[in-house]
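Novice: Take this structure, written in structure tokens, and hold onto it; I'll ask about it next.
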Amino acid sequence: MPDDSKDYVINLRVSRATYDKIKRKAVENKESISNLIRKAIDDSAEIIGDLSSEILGKRDKFKDVVGYHKAKAARDLECARCGTAIAAGGVVTVGETEGAKKFFFCENCK
Ligand SMILES: [Zn+2]
């Protein structure tokens, strides 16, 4: 049975020029090559994620919602779709994802 708690290593073959460039950047940043690559992938993934939600837009923003219910706002909220202020005590529609993330919507938006 595979051990899921264990980290595995992937070796990549790169050109001398690419290796030299990565090595130079690592030295400049005073970090190891593997740390530099890990950070580069982390940063890129975050940026790509942000860009993709901006470009593909709102349409995907609530795609993980699995259910809606009405609730009474216990404090001032902001509509997740249009940004309208929802005052404490007002009716709010709550959209919940399976991961228990919650979105709050004003009466116009759902
Ligand atoms: Zn709204």
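Each chain of the structure tokens is named A, B, ... in the order shown, its residues numbered from 1; ligands are numbered from 1 in display order.
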List as a JSON list (two decimals) with C-alpha atoms, in the first residue's frame the protein and nucleic acid residues near Glu107 (chain A), meaning an atom at most 8 Å away when only C-alpha atoms are counted, but skip any in the same chain fewer than 5 places from it.

Specialist:
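Ended up saving to around.json:
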[["chain", "number", "residue", "atom", "x", "y", "z"],
["A", 91, "VAL", "CA", -32.68, 39.19, 5.07],
["A", 92, "VAL", "CA", -29.68, 37.61, 3.43],
["A", 93, "THR", "CA", -29.40, 34.58, 1.15]]

Novice: Check which residues fall inside 12 Å of ligand 1 when counting only C-alpha atoms and all ligand atoms, and print them as a VMD selection string.

Specialist: chain A and resid 77 to 86 91 to 94 103 to 110

Novice: Kindly give the distance, in Å, that separates CA of Val66 (chain A) and CA of Lys102 (chain A), rounded to a single decimal.

Specialist: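 CA of Val66 (chain A) sits 10.3 Å away from CA of Lys102 (chain A).
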
Novice: Please identify the helix (DSSP H, G or I) residues within chain A (assignment by DSSP from backbone atoms) and present them as a ChimeraX atom specification.

Specialist: /A:16-28,33-56,58-61

Novice: Could you take the residues named above and write them with C-alpha atoms, as a CSV table (one decimal), in the first residue's frame?

Specialist:
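Saved the output as result.csv:
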chain,number,residue,atom,x,y,z
A,16,ARG,CA,22.6,23.6,-19.2
A,17,ALA,CA,21.4,27.1,-20.0
A,18,THR,CA,18.2,26.7,-18.0
A,19,TYR,CA,20.1,25.1,-15.1
A,20,ASP,CA,22.6,27.9,-15.0
A,21,LYS,CA,19.9,30.5,-15.0
A,22,ILE,CA,18.0,28.8,-12.2
A,23,LYS,CA,21.3,28.4,-10.2
A,24,ARG,CA,22.1,32.1,-10.7
A,25,LYS,CA,18.7,33.2,-9.5
A,26,ALA,CA,19.0,30.9,-6.5
A,27,VAL,CA,22.4,32.4,-5.6
A,28,GLU,CA,21.1,35.9,-6.1
A,33,ILE,CA,17.4,25.6,-6.2
A,34,SER,CA,14.5,23.5,-4.9
A,35,ASN,CA,13.2,26.3,-2.7
A,36,LEU,CA,13.4,28.7,-5.6
A,37,ILE,CA,11.4,26.4,-7.9
A,38,ARG,CA,8.9,25.6,-5.2
A,39,LYS,CA,8.3,29.4,-4.7
A,40,ALA,CA,8.1,30.1,-8.4
A,41,ILE,CA,5.4,27.4,-8.8
A,42,ASP,CA,3.5,28.6,-5.8
A,43,ASP,CA,3.6,32.2,-7.0
A,44,SER,CA,2.6,31.3,-10.5
A,45,ALA,CA,-0.2,29.1,-9.4
A,46,GLU,CA,-1.6,31.9,-7.2
A,47,ILE,CA,-1.3,34.4,-10.0
A,48,ILE,CA,-2.8,32.1,-12.6
A,49,GLY,CA,-5.7,31.4,-10.2
A,50,ASP,CA,-6.4,35.1,-9.6
A,51,LEU,CA,-6.1,35.9,-13.3
A,52,SER,CA,-8.4,33.0,-14.3
A,53,SER,CA,-11.1,34.1,-11.9
A,54,GLU,CA,-10.8,37.7,-13.2
A,55,ILE,CA,-10.8,36.6,-16.9
A,56,LEU,CA,-13.3,33.8,-16.7
A,58,LYS,CA,-18.0,36.0,-11.9
A,59,ARG,CA,-19.6,33.1,-13.6
A,60,ASP,CA,-17.2,30.7,-12.0
A,61,LYS,CA,-17.0,32.4,-8.6

Novice: Applying 9 Å and only C-alpha atoms, which residues near region 98-101 of chain A remain after dropping the ones on its own chain fewer than 6 positions away? List them as a PyMOL selection string.

Specialist: chain A and resi 64-67

Novice: Among region 27-91 of chain A, which residues carry a DSSP assignment of strand (DSSP E), reported as a ChimeraX atom specification?

Specialist: /A:65-72,77-78,85-86,91

Novice: Could you tell me how far CA of Glu96 (chain A) sits from CA of Tyr68 (chain A), in Å to one decimal place?

Specialist: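 Interatomic distance here is 6.4 Å.
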
Novice: Just the residues within 6 Å of Gly90 (chain A), please, counting only C-alpha atoms, with nothing from its chain fewer than 2 positions along; format it as a list in words.

Specialist: Lys72, Ala73, Ala87 and Ala88 of chain A

Novice: Filtering to N, CA and C atoms, could you give me those residues as a compact mmCIF listing (two decimals), in the first residue's frame?

Specialist:
# COMPACT_ATOMS: atom_id res chain seq x y z
N LYS A 72 -31.05 35.71 8.64
CA LYS A 72 -31.12 37.10 9.09
C LYS A 72 -29.69 37.52 9.40
N ALA A 73 -29.26 38.61 8.80
CA ALA A 73 -27.89 39.06 9.00
C ALA A 73 -27.68 39.49 10.45
N ALA A 87 -27.65 45.43 5.73
CA ALA A 87 -27.59 45.87 7.11
C ALA A 87 -27.92 44.74 8.07
N ALA A 88 -27.35 44.80 9.25
CA ALA A 88 -27.66 43.82 10.29
C ALA A 88 -29.16 43.79 10.50

Novice: Calculate how many Å separate CA of Gly89 (chain A) from CA of Arg75 (chain A), rounding to one decimal.

Specialist: 7.2 Å
